[in-house]
Number of protein chains: 4
Amino acid sequence: MALIVEKTTSGREYKVKDMSQADFGRLEIELAEVEMPGLMSCRSEFGPSQPLKGARITGSLHMTIQTAVLIETLTALGAEVRWCSCNIFSSQDHAAAAIARDSAAVFAWKGETLQEYWWCTERALDWGPSGGPDLIFDDGGDASMLIHEGVKAEEEFAKNGTVPDPHSTTNPDFQIVLTIIRDGLKTDPQRYHKIKDRLVGVSEETTTGVKRLYQMQENGTLLFPAINVNDSVTKSKFDNLYGCRHSLPDGLMRATDVMIAGKVAVVCGYGDVGKGCAAALKQAGARVIVTEIDPICALQATMEGLQVLTLEDVVSVADIFVTTTGNKDVIMVSDMKRMKNNAIVCNIGHFDNEIDMLGLETYPGVKRITIKPQTDRWVFPETNSGIIVLAEGRLMNLGCATGHPSFVMSCSFTNQVIAQLELWNEKASGKYEKKVYVLPKHLDEKVAALHLSKLGAKLTKLTKEQADYISVPIEGPYKPAAYRY
Amino acid sequence: MALIVEKTTSGREYKVKDMSQADFGRLEIELAEVEMPGLMSCRSEFGPSQPLKGARITGSLHMTIQTAVLIETLTALGAEVRWCSCNIFSSQDHAAAAIARDSAAVFAWKGETLQEYWWCTERALDWGPSGGPDLIFDDGGDASMLIHEGVKAEEEFAKNGTVPDPHSTTNPDFQIVLTIIRDGLKTDPQRYHKIKDRLVGVSEETTTGVKRLYQMQENGTLLFPAINVNDSVTKSKFDNLYGCRHSLPDGLMRATDVMIAGKVAVVCGYGDVGKGCAAALKQAGARVIVTEIDPICALQATMEGLQVLTLEDVVSVADIFVTTTGNKDVIMVSDMKRMKNNAIVCNIGHFDNEIDMLGLETYPGVKRITIKPQTDRWVFPETNSGIIVLAEGRLMNLGCATGHPSFVMSCSFTNQVIAQLELWNEKASGKYEKKVYVLPKHLDEKVAALHLSKLGAKLTKLTKEQADYISVPIEGPYKPAAYRY
Amino acid sequence: MALIVEKTTSGREYKVKDMSQADFGRLEIELAEVEMPGLMSCRSEFGPSQPLKGARITGSLHMTIQTAVLIETLTALGAEVRWCSCNIFSSQDHAAAAIARDSAAVFAWKGETLQEYWWCTERALDWGPSGGPDLIFDDGGDASMLIHEGVKAEEEFAKNGTVPDPHSTTNPDFQIVLTIIRDGLKTDPQRYHKIKDRLVGVSEETTTGVKRLYQMQENGTLLFPAINVNDSVTKSKFDNLYGCRHSLPDGLMRATDVMIAGKVAVVCGYGDVGKGCAAALKQAGARVIVTEIDPICALQATMEGLQVLTLEDVVSVADIFVTTTGNKDVIMVSDMKRMKNNAIVCNIGHFDNEIDMLGLETYPGVKRITIKPQTDRWVFPETNSGIIVLAEGRLMNLGCATGHPSFVMSCSFTNQVIAQLELWNEKASGKYEKKVYVLPKHLDEKVAALHLSKLGAKLTKLTKEQADYISVPIEGPYKPAAYRY
Amino acid sequence: MALIVEKTTSGREYKVKDMSQADFGRLEIELAEVEMPGLMSCRSEFGPSQPLKGARITGSLHMTIQTAVLIETLTALGAEVRWCSCNIFSSQDHAAAAIARDSAAVFAWKGETLQEYWWCTERALDWGPSGGPDLIFDDGGDASMLIHEGVKAEEEFAKNGTVPDPHSTTNPDFQIVLTIIRDGLKTDPQRYHKIKDRLVGVSEETTTGVKRLYQMQENGTLLFPAINVNDSVTKSKFDNLYGCRHSLPDGLMRATDVMIAGKVAVVCGYGDVGKGCAAALKQAGARVIVTEIDPICALQATMEGLQVLTLEDVVSVADIFVTTTGNKDVIMVSDMKRMKNNAIVCNIGHFDNEIDMLGLETYPGVKRITIKPQTDRWVFPETNSGIIVLAEGRLMNLGCATGHPSFVMSCSFTNQVIAQLELWNEKASGKYEKKVYVLPKHLDEKVAALHLSKLGAKLTKLTKEQADYISVPIEGPYKPAAYRY
């Protein structure tokens, strides 16, 4: 795709696949609104007072229908928004088109190259001469990372004129990041400093992004306040668990139509994502085997009747392999070679390095047969037997299906909206330092409460005597901070 | 689509959507072959002796990837094949293209009109001047019904010159059938008699078709032998149950992306299809309510923790409605009016009259908004609130997804192949009269056995003493005919 | 226990463990009545007309609380009843006491010797000089078998004076049967002929008993009509399946307190009983492995995510072994020797020869340590490692717990009552020959219907149009005879 | 029971129900040892060095078979032990007998009166003239509470001569506590000060006890260090969840034999205990309705397909009611009056005031019919309809069954042993202040690891590169403190 920014008649910038899909996107957005009561409550509760008036928000988060409802919640609260996706395969082109046409500046399409991906990220961060965004929505931390790397490089450059060397890394993503920064230094050696200076804070969506933030906090290199939305209970224990329980089989079925019942499925990792995946596969009639490094999670798996083994033990007998670890090098090409013909290999953890895609792509004589987009059969020359890799090792639920369903994303995104409101409201108060924060429990409980009536659920009310007896306020919060749910 | 028969370079007739999808179809057929061990075993066991040599087979059965593997099993056994789909939405165009190009005469595409549907059926039955097929594969009984109606009309016509009146019925399908027969009488008043005379027999796939056959047997109007494949255990207790358990959520997710967890789902009917649907929805986290007329099935539902109520009781609180009854008028437009906004209504039973589509379409002021093909939102003028109807009331797993997965269809289709072999082998023996037969239990057990090793299952062998103790042969069959599994 | 018949003040005979438990038994009977709506409906529907007036009924069926409600339903309908248990461990002494005191002649206690068991059976069949019972309730067929063997021996004796030789068999049960018959020949060489001549018919409760009856029917040796209650859907698909799903874990927990979650459990056989057991163990968090001889049942197991292997494959790694086959020699002492220390071995199929108890008891140097009644640890001398055998290999749910719960037994027993009524009503009509019959479907459906309202279930009613469309009467029966549910 | 301390031949004190059950207890203890790998590992790892040599430990914790293995682990590590139960119904008399005979001073029996209960608690705390214990094992905090109340009263008495007035409270437990303390003041007004002064610390087992400790910490009244074992993951997420999933149906079945399938069950509270109960009931085929005050837990319930309503909504239609809240007044007598005949009401939360037992007992005209110990039917005069209350409102899994199974208690108790070792090792270091502590994560993970090999589970090992990538040590701990599992 030619990387040229387009403009709507109103002058708003965008770059999407096909603007003619905007009507279709709008229809699906309207359906999703009914399924996203938390976001719609935010619109009705906060919309009238326009609390985000004047705020520029940049988002780097899968440009899906659900995200569209989120973006229009932000604009309904007064914000101005620019958006890119945080994954090359996760955009839904009709959602992008509808938003680009109606609500915000969007730079995202399904099937970006890495080069295109980072171009989109740059565009979303580029608010023109007056600097960057006031607030960032991040998912996986790429936007935050770019700013941190940019600031670091600008400091180096200011100090001793050195520029980043893209060849200093083998990570193809990072090579592009360094190239962008290097090129940027030529035109504006203060670009990322200006962005940093304006930035009020970031809210981060996932485990992986949060881990990066805590590392920066520990190293003392974090440049702005961050709210860890991932660790809200209504995010990590809902989206990660119930979202994946829904979207893993969805992705498997759309990509391969394979019968799950009767199959042997290996789930690598038994955190929230792994728990959701294992539950889905077991319920669909697969025999599930879990691999784990953590004895506590492993013991949980056994209590659910799941066998806990090493990948080595089962690599040649299983039919489906799912990585959920957030780690790297979980399934190597040497493992894939030993798998049964047409074994399915996919990742729903975070980055594509959970599966050794590089090893696979560079394996001598390997043949790639694309069944359909995001569904490839890789045939090894020795055995003439193949494996099926989904979404090129990237998030299969987004690459092969449409990601998590609206309802559970409403929980996650309502946390995000609350986090953004909090950062913006407190921008001048000094409440938030350059640290990582989680939302207080009463807000977490509020997010849950906003989603109950849609499901017909009715809460019980404590009496004063009961509340006193267990020493909580009648209206909550009801649990200590460390409660595990 | 212009209804003109096309021809391959080899002269074989076809009519499909897009021949350029043949390569894609071929790739998916190759994947499916690995998942269909029963059919592949038939090829290796029977292929060399070409037992279907000389047999002309007409099939009227969803033209999917799985059916493609079935068709190529029949041709591998020597048969010549013509095919149409038994549902206007169930064809997969890439499967149709691959078969049309490589193996058999195909007349089928996704999204036929009723007119086109019956044109395709006629083409599949039309083997030229020398009459019709030797064998029929039927699913729902449309091909058989057409022949029976044709023969009946020809007799009337011969007797007293009367022709069928399409206006004598309000059923739009039947109107077309009568028109076809009426028009046919003008060109060849013996057309259906010739077809009937040549026909060795039919094998029928589903509950609905089987019911029609038994009715004709009882009335003494059945014109040829029929094998009821539906009631093979390895068909009805597998495809109906486990197939729907897989394909119901698949269809829901592809059509609507709706989160199933937390929703109230109503399953109308708790036969094998209903059991599979209820299991799938419950496992996905829905609260499932069953409606039933049969107290035994109702009691089974309660034993699984499912609430059994009437549609009336829950019509205004449920989120998802699924009909699985094989009956008509299960959900009426008066019910749909009372549903929640965006309630989902779909059918996985058999015909589209389970849902009162006619009532809906003709409701005064109703507005149809097509979200995407097979997913329509119907808005009632009184409430401005809408419901979402899948696949226009037809089989949603075929209309919105890709039908049952290959593995379970391999069970069903292996029964079909065995039935066709049996009819063909015994064509001259008089073994089969004009009645409905089921396959003997040892063949049913054989079909199961052919599918076990793919799943790594190992059977236990009886000793002679044990076999004598329970009075069965060591090699089976192991159960009395009435055993329910 | 001294085998002396005792009498109540009213002169009714009995032999139970402890008459002082009658009050406790009565309390539990009253609780059970609330859970047995089918039987209570029989009392209110039929009680006033006393249709069993004059009928003598002998029952050979676990003397539990549920059976007590059954017996008192029979007496409420006018019958006179004598009862024994069909299993040495299955009686509940408080139930026996209450019935002996209040309602019927009972000969049963928990923990009979084989000698005592057959003495009780004889007492239940002995109605004094005027012959035997009019009707028999059988469970497993022991009462029927005794009569058949008796008649056969009397014929031999009349023909050539030979008497049965108890040493002609190694089966300890059968040795006693032959002894009883041999001794009987001395006092009354027509005893069993007289019983047979009076007998109107038998209704049989279980798979095993039914199999015996069909064999006799095939051999032409069946001496009286029999109704196969086992194959009523509301019996075999409820009691066998849901009953065992409840009572297997109940028995395991009462006997061993072992945590089921995390364990590897082997279920031998995947019929209705095996399906119930496997479901219970899986749900409790065990990893379940199934052994099967029948490929269809094996394939069903795989579809539920259960691994199908041979006993050999898993004998040394599993923690819990359950036999459900109705066959013999399923787990041999050579298997038991190879099991893990404290592996649990139990039988919920039918006879105790599913487990090689004889091999175990006679194993050289084996040591039996009784933890508590029905829970024995058997230690092998070579390894000093032991296995835990429940209920001496007999039905563990009756030996270690209290059998199936009342509600599901109400389904089974309502079928029994209906069968007895049918036999008695038709005693003079010649409707029933010396064959095995099943109850007609409308009665099966009636049994189900009687149990629905207790669970709050509401049935949907067919319209006339719908009933016609699917060709069933509005009021049922709704399914063809061969329907599998 | 006459409250007289007895002595073994070796002079150790005890008071148990029946010393003749010691052999039976020993057999079951030996079985349990095989199921408690964590405790047995403690014996083999720490036994040789006798780290608890010289420590006096008082335990107030259900005197079951599992606790017996715990006690003998403590003595194997060198400790001297005195023990009482923390619940009047939870003792297993054969366990108490075996321990009293072989290992430690025990004061406990099944079915204590409240008077007896507190007498036992006092005996367990009474180590003679030299003061109290060095360490306390507490469950629910009764032992800790007695000491705190005693110290407070002694201070009041010293200050102004006032003594506690038992009539100042209506809580019958607390009346006895005050009486004991008042009477104690007469003989030794420094008794509790001496106990407090010697005490190194307490480890607490349950949510309820932990809550009391944190309240005292907040109020500044905590008199000694405490380790909160309840909040170890391997305790609260295992024992509470999987333990109750096992023992709730166990208790229901032993107490009532009721069929769970088909019933409507209400679970009040959806914390870990409620989650385990709801899962067990759902899996057994009940329709489960949850009541909750906390919107997050409520939303979790809906995601599992459970309906969330208020007790009011369902009180008159449900069959089984289970309280799991840790709160009071959850089911009131006014609720019980409205229940269906023979509805079952039970508590598996903590104290018996979850159910309004006082209201029930004092309801005018109510009739209590004891079916068997711990199973009472209470009949209301207005309706002559009754409800069934288990274990008099106390913990039904301990009162009606045998509590949690050994394996899961091994997780909990291994945490306890580690906590006691930690307190004792650090007694002089000042590491632990008068605060509440949780065990560090690496010990939690160690407890899990000790239980994996028994279940055949195999852990995956991180490579150095992977460990660095996710920033954890190769050998763990693997998760941040706040991780929720």
# chains A, B, ... in the order shown; residues from 1 in each chain; ligands from 1

call {"tool": "interface_residues", "arguments": {"of": "chain B", "to": "chain D", "cutoff": "7 Å", "atoms": "only C-alpha atoms", "output": "VMD selection string"}}
result
chain B and resid 261 to 262 282 285 to 287 302 to 306

call {"tool": "residues_around", "arguments": {"residues": "Phe107 of chain D", "least_positions_apart": "4", "cutoff": "7 Å", "atoms": "only C-alpha atoms", "output": "compact mmCIF listing (two decimals) with C-alpha atoms, in the first residue's frame"}}
result
# COMPACT_ATOMS: atom_id res chain seq x y z
CA TYR D 14 -6.15 -36.48 76.58
CA LYS D 15 -9.92 -36.51 76.39
CA VAL D 16 -11.43 -38.32 73.42
CA TRP D 83 -4.65 -30.10 70.31
CA CYS D 84 -8.33 -29.26 70.31
CA CYS D 120 -11.15 -28.41 75.29
CA ALA D 124 -5.07 -27.33 74.71

call {"tool": "select_by_dssp", "arguments": {"residues": "segment 32-254 of chain D", "states": "strand (DSSP E or B)", "output": "ChimeraX atom specification"}}
result
/D:56-60,80-84,105-107,135-138,201-204,226-228

call {"tool": "residues_around", "arguments": {"residues": "Val438 of chain B", "least_positions_apart": "6", "cutoff": "8 Å", "atoms": "only C-alpha atoms", "output": "VMD selection string"}}
result
chain B and resid 227 to 229 231 to 232

call {"tool": "write_last_selection", "arguments": {"atoms": "N, CA, C and O atoms", "output": "PDB file, in the first residue's frame"}}
result
ATOM      1  N   ILE B 227     -32.048 -46.651   1.991  1.00  0.00           N
ATOM      2  CA  ILE B 227     -31.297 -46.946   3.210  1.00  0.00           C
ATOM      3  C   ILE B 227     -31.250 -45.682   4.049  1.00  0.00           C
ATOM      4  O   ILE B 227     -30.855 -44.605   3.597  1.00  0.00           O
ATOM      5  N   ASN B 228     -31.714 -45.841   5.266  1.00  0.00           N
ATOM      6  CA  ASN B 228     -31.781 -44.777   6.252  1.00  0.00           C
ATOM      7  C   ASN B 228     -30.419 -44.686   6.920  1.00  0.00           C
ATOM      8  O   ASN B 228     -30.121 -45.433   7.846  1.00  0.00           O
ATOM      9  N   VAL B 229     -29.584 -43.821   6.429  1.00  0.00           N
ATOM     10  CA  VAL B 229     -28.254 -43.667   7.006  1.00  0.00           C
ATOM     11  C   VAL B 229     -28.325 -42.852   8.288  1.00  0.00           C
ATOM     12  O   VAL B 229     -27.535 -43.012   9.206  1.00  0.00           O
ATOM     13  N   ASP B 231     -30.092 -43.067  10.813  1.00  0.00           N
ATOM     14  CA  ASP B 231     -30.224 -43.799  12.071  1.00  0.00           C
ATOM     15  C   ASP B 231     -29.097 -44.779  12.345  1.00  0.00           C
ATOM     16  O   ASP B 231     -29.165 -45.528  13.332  1.00  0.00           O
ATOM     17  N   SER B 232     -28.071 -44.778  11.542  1.00  0.00           N
ATOM     18  CA  SER B 232     -26.835 -45.418  11.979  1.00  0.00           C
ATOM     19  C   SER B 232     -26.360 -44.663  13.210  1.00  0.00           C
ATOM     20  O   SER B 232     -26.423 -43.430  13.246  1.00  0.00           O
TER      21      SER B 232
END

call {"tool": "atom_distance", "arguments": {"atom1": "atom CA of Thr414 of chain B", "atom2": "atom CA of Tyr214 of chain B"}}
result
22.5 Å

call {"tool": "atom_distance", "arguments": {"atom1": "atom CA of Leu452 of chain A", "atom2": "atom CA of Tyr485 of chain A"}}
result
16.8 Å

call {"tool": "atom_distance", "arguments": {"atom1": "atom CA of Trp119 of chain C", "atom2": "atom CA of Gly59 of chain C"}}
result
14.0 Å

call {"tool": "select_by_dssp", "arguments": {"residues": "segment 66-309 of chain A", "states": "helix (DSSP H, G or I)", "output": "count of residues only"}}
result
137

call {"tool": "residues_around", "arguments": {"residues": "segment 326-342 of chain A", "least_positions_apart": "3", "cutoff": "6 Å", "atoms": "only C-alpha atoms", "output": "ChimeraX atom specification"}}
result
/A:315-316,349-350,353-356,359-360,385-388

call {"tool": "residues_around", "arguments": {"residues": "Ser10 of chain D", "least_positions_apart": "2", "cutoff": "12 Å", "atoms": "only C-alpha atoms", "output": "PyMOL selection string"}}
result
chain D and resi 6-8+12-14+100-105

call {"tool": "residues_around", "arguments": {"residues": "Gly251 of chain D", "least_positions_apart": "2", "cutoff": "10 Å", "atoms": "only C-alpha atoms", "output": "list in words"}}
result
Asp250, Met253 and Arg254 of chain C; Cys244, His246, Ser247, Leu248, Pro249, Met253, Arg254, Ala255, Thr256, Asp257, Cys346, Ile348, Leu390, Ala391, Leu395, Met396, Asn397, Leu398, Gly399, Cys400, Ala401, Thr402 and Gly403 of chain D

call {"tool": "residues_around", "arguments": {"residues": "segment 405-412 of chain A", "least_positions_apart": "3", "cutoff": "6 Å", "atoms": "only C-alpha atoms", "output": "ChimeraX atom specification"}}
result
/A:32,35-36,38,66,234-235,239,415 /B:257-259
